[in-house]
Amino acid sequence: MTVHTSTIGRPALAKAALLKGIMEMKLLPQILFIIAALPFEVRKSTCSTETDHQSLLDFKNSISFNPHGAFVSWNDSIHFYKWEGVSCRNAKHQFRVTAMNLANQGLHGHVSSSLRKPDIPYSTQLPELASLDLSRNNLTGGIPFSLGNISSLKEFIATENHLEGRIPDELGRPHQLTLLALGRNKLSGPIPQSIFNLSSLEIMSLESNSLSMPYLPSDLGTTLQNLQRLYLDYNNIGGLIPSSLSNASHLVDLDLSFNSFVGHVPTTLGALGELSWLNLEYNNIVANDKQSWMFMDALTNCSSLNVLALFQNQLKGELPNYVGNPVFTTSIPPLGIGKLQGLTSLGLDSNNFDGTVTEWVGNLKNMEKLFLENNRFVGPVPPSLGNVSGLWYLALKSNEFEGFVPVTIGELQHLQILDISDNHLNGSIPVDLCGLPSLISFNLSYNYLHGALPLEIGNANQLLDIDISSNKIYGKLPQTLGNSESLETVVMDNNYLQGEIPSSLRNLKSLKTLNLSRNNLSGPIPGFIGSLQSLQQLDLSYNNLQGEIPRSGVFRNATALTLAGNNNLCGRVPELQLPSCPQTTRHSNLPALPLKAMEANRGIKESKPMRIRSGALFHSDIS
């Protein structure tokens, strides 16, 4: 299992589901009304509007591949108001198309430009079309400017296609447009000013394109006062975050992540009482003094705020446990973070924070995901984390935390992912961690932990990944490790482990990666390792293993196998350059290496390799 420590877990799927739900909620009353309003004899009528009929056929003809049979019913033997994906209303015994929903049909082709009457500017053959959903297909080419001629258009959704080129300026003409969703395409160029003038717009979803603008209009929030959701993430938009966004008083979701915004977070965002999602990660936002940090205290007025993501910016300072009228020093800016008690996700990772993380974190009772990695936090991991009972993702890696792993973490019954790697922690691994019923990934590598691996590790039946490498763990690998039969990754290299590889590991049928290198393991390599059919990578190098290596499974793939530094191994695998085994014996009983030799095997831990975070905020990912 690959775990991405991205801060927000992530809008790509969440937004698609949200938009789909909005479409269904908005269309259902409309469709029910239309059906209910049709007299029985009218529903059987052969009347139709030929222009609508022909426009639908032209649209069908623009599709080159229809793998799911979306157009099976689109033929002259059936009235078009019965065609799949088409909704109509009855206007004086004439059917007029009001909605087309062809989402997730795998369609290949382009969006037909025949929606406009030939040679008649600003005209349309579907004059009453209110909703067009073409999302999650494989459509290519540009967006026809003729769509802007449909004055009745309220919703246009074409997310997750391969549309390219510029957004037509004409799309700003339908003054009833409330939903514009063109995310996850290949669109380029600027967002037309006409779009920012659509005062009716409630949702603008243009994320994951190649849109480029030196700055957003400073009056964006004034012209789009009805805006509820704004998704511009994963583009190339720069400049300041418009302070006028506070005028869009119903704004719920604001995602400007993965762009090039600069300057400070405007304190006016604190006026957005309905704001729930604020994602500003991966920009060039600066906060390094009292004034630039005032936005955090302002956000405490956003009582509905659930997600705050500030990963990978230029934020600097210490996170104190106080709010309101804090005492300032020249190096510590204010953070009213402890008052944001509605937060469920907080991402402050990959900035320049320092100082200690104090008891404020225990006040965030609703927190589910906490990302503080890749900073310079010092001091102990706060024991108050045990109070955050709903926490399921805790990422504290690549800081300078010291002291023990708090035993209170063992009280987090919903914890699934724990990463405290690459710090200065010491002491032993808390036994209670092994008994957490939901834990699937457990990374304590690159610390100074010592003691034996708890026998209780066998209680973690749901555990998929364990990494305790580069510590000072000693003793034998417990036989109970084989009871964790869901394990896919076991990484325990660069420790002081002794004894033989336990026979219980034969139970790990899902094991893909096993790294026990740079320890002082002895005895033969068990033959059952070659029978682990899922095993893809095996590293047993720099131990004191002896005898003939197995010949099956992973041992047949020299590129998946590392055995260097075991001088008493033998075998018939030419790629490994091992000596042939004596005919009289398969392995010898050589004594274990003394402690000094163990130190030589495991190497000197002078520096930690740089760990690079993968993914994006909460857009990783596990959500």
# chains A, B, ... in the order shown; residues from 1 in each chain; ligands from 1
>>> select_by_dssp(residues="stretch 265-427 of chain A", states="alpha helix (DSSP H)", output="list in words")
Met294, Phe295, Met296, Asp297, Ala298 and Leu299 of chain A
>>> write_last_selection(atoms="N, CA and C atoms", output="short mmCIF file (atom, residue, chain, number, x, y, z; two decimals), in the first residue's frame")
data_model
loop_
_atom_site.label_atom_id
_atom_site.label_comp_id
_atom_site.auth_asym_id
_atom_site.auth_seq_id
_atom_site.Cartn_x
_atom_site.Cartn_y
_atom_site.Cartn_z
N MET A 294 -2.34 37.95 10.95
CA MET A 294 -3.63 38.33 11.50
C MET A 294 -4.78 37.54 10.88
N PHE A 295 -4.56 36.98 9.68
CA PHE A 295 -5.64 36.22 9.04
C PHE A 295 -6.07 35.03 9.89
N MET A 296 -5.12 34.44 10.65
CA MET A 296 -5.47 33.26 11.42
C MET A 296 -6.46 33.60 12.53
N ASP A 297 -6.23 34.74 13.19
CA ASP A 297 -7.21 35.16 14.19
C ASP A 297 -8.53 35.51 13.53
N ALA A 298 -8.48 36.09 12.31
CA ALA A 298 -9.72 36.43 11.61
C ALA A 298 -10.52 35.18 11.26
N LEU A 299 -9.83 34.09 10.92
CA LEU A 299 -10.53 32.86 10.54
C LEU A 299 -11.28 32.23 11.70
#
>>> residues_around(residues="A:Gln225", least_positions_apart="6", cutoff="7 Å", atoms="only C-alpha atoms", output="mmCIF file with all heavy atoms, in the first residue's frame")
data_model
loop_
_atom_site.group_PDB
_atom_site.id
_atom_site.type_symbol
_atom_site.label_atom_id
_atom_site.label_comp_id
_atom_site.auth_asym_id
_atom_site.auth_seq_id
_atom_site.Cartn_x
_atom_site.Cartn_y
_atom_site.Cartn_z
ATOM 1 N N SER A 199 -23.159 37.415 -12.635
ATOM 2 C CA SER A 199 -23.611 37.600 -11.257
ATOM 3 C C SER A 199 -24.464 36.445 -10.754
ATOM 4 O O SER A 199 -24.615 36.262 -9.542
ATOM 5 C CB SER A 199 -24.393 38.908 -11.139
ATOM 6 O OG SER A 199 -25.520 38.901 -12.003
ATOM 7 N N ASN A 247 -17.103 39.625 -0.069
ATOM 8 C CA ASN A 247 -18.432 40.056 -0.523
ATOM 9 C C ASN A 247 -19.279 38.886 -1.020
ATOM 10 O O ASN A 247 -20.507 39.017 -1.111
ATOM 11 C CB ASN A 247 -18.300 41.098 -1.630
ATOM 12 C CG ASN A 247 -17.669 42.381 -1.127
ATOM 13 O OD1 ASN A 247 -17.988 42.835 -0.031
ATOM 14 N ND2 ASN A 247 -16.770 42.957 -1.917
ATOM 15 N N ALA A 248 -18.634 37.781 -1.352
ATOM 16 C CA ALA A 248 -19.384 36.568 -1.714
ATOM 17 C C ALA A 248 -19.748 35.867 -0.408
ATOM 18 O O ALA A 248 -19.170 34.847 -0.032
ATOM 19 C CB ALA A 248 -18.542 35.672 -2.615
ATOM 20 N N SER A 249 -20.718 36.401 0.267
ATOM 21 C CA SER A 249 -20.974 36.045 1.664
ATOM 22 C C SER A 249 -21.454 34.610 1.846
ATOM 23 O O SER A 249 -21.457 34.110 2.973
ATOM 24 C CB SER A 249 -22.003 37.003 2.265
ATOM 25 O OG SER A 249 -23.202 36.993 1.509
#
>>> residues_around(residues="A:Asp133", least_positions_apart="5", cutoff="8 Å", atoms="only C-alpha atoms", output="PyMOL selection string")
chain A and resi 100-103+155-158
>>> write_last_selection(atoms="N, CA, C and O atoms", output="CSV table (one decimal), in the first residue's frame")
chain,number,residue,atom,x,y,z
A,100,MET,N,-29.8,17.7,-21.1
A,100,MET,CA,-29.1,16.6,-21.7
A,100,MET,C,-28.0,16.1,-20.7
A,100,MET,O,-27.2,16.9,-20.2
A,101,ASN,N,-28.2,14.9,-20.3
A,101,ASN,CA,-27.2,14.3,-19.3
A,101,ASN,C,-26.6,13.0,-19.9
A,101,ASN,O,-27.2,12.0,-20.0
A,102,LEU,N,-25.4,13.2,-20.4
A,102,LEU,CA,-24.6,12.1,-21.1
A,102,LEU,C,-23.3,11.8,-20.3
A,102,LEU,O,-22.3,11.5,-20.9
A,103,ALA,N,-23.4,12.0,-19.0
A,103,ALA,CA,-22.2,11.9,-18.2
A,103,ALA,C,-21.7,10.4,-18.1
A,103,ALA,O,-22.6,9.5,-18.1
A,155,GLU,N,-26.8,25.4,-16.4
A,155,GLU,CA,-25.7,24.5,-15.9
A,155,GLU,C,-25.0,23.9,-17.1
A,155,GLU,O,-25.6,23.3,-18.0
A,156,PHE,N,-23.7,24.0,-17.1
A,156,PHE,CA,-22.8,23.4,-18.1
A,156,PHE,C,-21.7,22.7,-17.4
A,156,PHE,O,-20.8,23.3,-16.8
A,157,ILE,N,-21.7,21.3,-17.5
A,157,ILE,CA,-20.7,20.5,-16.8
A,157,ILE,C,-20.0,19.6,-17.9
A,157,ILE,O,-20.6,18.9,-18.6
A,158,ALA,N,-18.7,19.8,-18.0
A,158,ALA,CA,-17.9,19.0,-18.9
A,158,ALA,C,-16.6,18.6,-18.3
A,158,ALA,O,-15.5,18.5,-18.9
>>> closest_residue(among="A:Thr49, A:Thr562, A:Gln105, A:Asn544", to="A:Asn66", atoms="only C-alpha atoms")
A:Gln105
>>> residues_around(residues="A:Ala452", least_positions_apart="5", cutoff="6 Å", atoms="only C-alpha atoms", output="ChimeraX atom specification")
/A:473-475
>>> residues_around(residues="A:Tyr231", least_positions_apart="3", cutoff="8 Å", atoms="only C-alpha atoms", output="count of residues only")
8
>>> atom_distance(atom1="atom CA of A:Thr358", atom2="atom CA of A:Gln341")
15.3 Å
>>> residues_around(residues="stretch 140-148 of chain A", least_positions_apart="2", cutoff="8 Å", atoms="only C-alpha atoms", output="ChimeraX atom specification")
/A:108-113,115-116,122-124,138,150-151,161-174
>>> residues_around(residues="A:Glu160", least_positions_apart="6", cutoff="6 Å", atoms="only C-alpha atoms", output="VMD selection string")
chain A and resid 135 to 136 184 to 185
>>> write_last_selection(atoms="all heavy atoms", output="mmCIF file, in the first residue's frame")
data_model
loop_
_atom_site.group_PDB
_atom_site.id
_atom_site.type_symbol
_atom_site.label_atom_id
_atom_site.label_comp_id
_atom_site.auth_asym_id
_atom_site.auth_seq_id
_atom_site.Cartn_x
_atom_site.Cartn_y
_atom_site.Cartn_z
ATOM 1 N N SER A 135 -19.865 15.395 -18.556
ATOM 2 C CA SER A 135 -18.698 15.092 -17.727
ATOM 3 C C SER A 135 -18.293 13.618 -17.803
ATOM 4 O O SER A 135 -19.079 12.750 -18.172
ATOM 5 C CB SER A 135 -18.989 15.459 -16.270
ATOM 6 O OG SER A 135 -20.091 14.726 -15.764
ATOM 7 N N ARG A 136 -17.008 13.379 -17.488
ATOM 8 C CA ARG A 136 -16.431 12.037 -17.380
ATOM 9 C C ARG A 136 -16.586 11.237 -18.676
ATOM 10 O O ARG A 136 -17.080 10.118 -18.687
ATOM 11 C CB ARG A 136 -17.036 11.283 -16.190
ATOM 12 C CG ARG A 136 -16.856 12.019 -14.871
ATOM 13 C CD ARG A 136 -17.282 11.207 -13.657
ATOM 14 N NE ARG A 136 -18.672 10.790 -13.714
ATOM 15 C CZ ARG A 136 -19.705 11.588 -13.431
ATOM 16 N NH1 ARG A 136 -19.489 12.870 -13.106
ATOM 17 N NH2 ARG A 136 -20.945 11.127 -13.459
ATOM 18 N N ARG A 184 -10.436 19.566 -14.855
ATOM 19 C CA ARG A 184 -9.737 18.368 -15.297
ATOM 20 C C ARG A 184 -9.870 18.142 -16.797
ATOM 21 O O ARG A 184 -10.310 17.093 -17.268
ATOM 22 C CB ARG A 184 -10.198 17.155 -14.492
ATOM 23 C CG ARG A 184 -9.813 17.268 -13.025
ATOM 24 C CD ARG A 184 -10.269 16.106 -12.189
ATOM 25 N NE ARG A 184 -11.717 16.028 -12.059
ATOM 26 C CZ ARG A 184 -12.446 16.831 -11.309
ATOM 27 N NH1 ARG A 184 -11.873 17.819 -10.635
ATOM 28 N NH2 ARG A 184 -13.766 16.667 -11.210
ATOM 29 N N ASN A 185 -9.519 19.204 -17.538
ATOM 30 C CA ASN A 185 -9.406 19.149 -18.988
ATOM 31 C C ASN A 185 -8.016 19.653 -19.378
ATOM 32 O O ASN A 185 -7.084 19.597 -18.566
ATOM 33 C CB ASN A 185 -10.518 19.982 -19.631
ATOM 34 C CG ASN A 185 -11.829 19.237 -19.707
ATOM 35 O OD1 ASN A 185 -11.991 18.324 -20.505
ATOM 36 N ND2 ASN A 185 -12.795 19.622 -18.856
#
>>> atom_distance(atom1="atom CA of A:Gly451", atom2="atom CA of A:Leu516")
16.6 Å
>>> closest_residue(among="A:Pro430, A:Pro454, A:Gly355, A:Gly239", to="A:Phe377", atoms="only C-alpha atoms")
A:Gly355
>>> atom_distance(atom1="atom CA of A:Asn515", atom2="atom CA of A:Val554")
13.2 Å
>>> closest_residue(among="A:Leu278, A:Leu576, A:Leu497, A:Leu198", to="A:Asn471", atoms="only C-alpha atoms")
A:Leu497
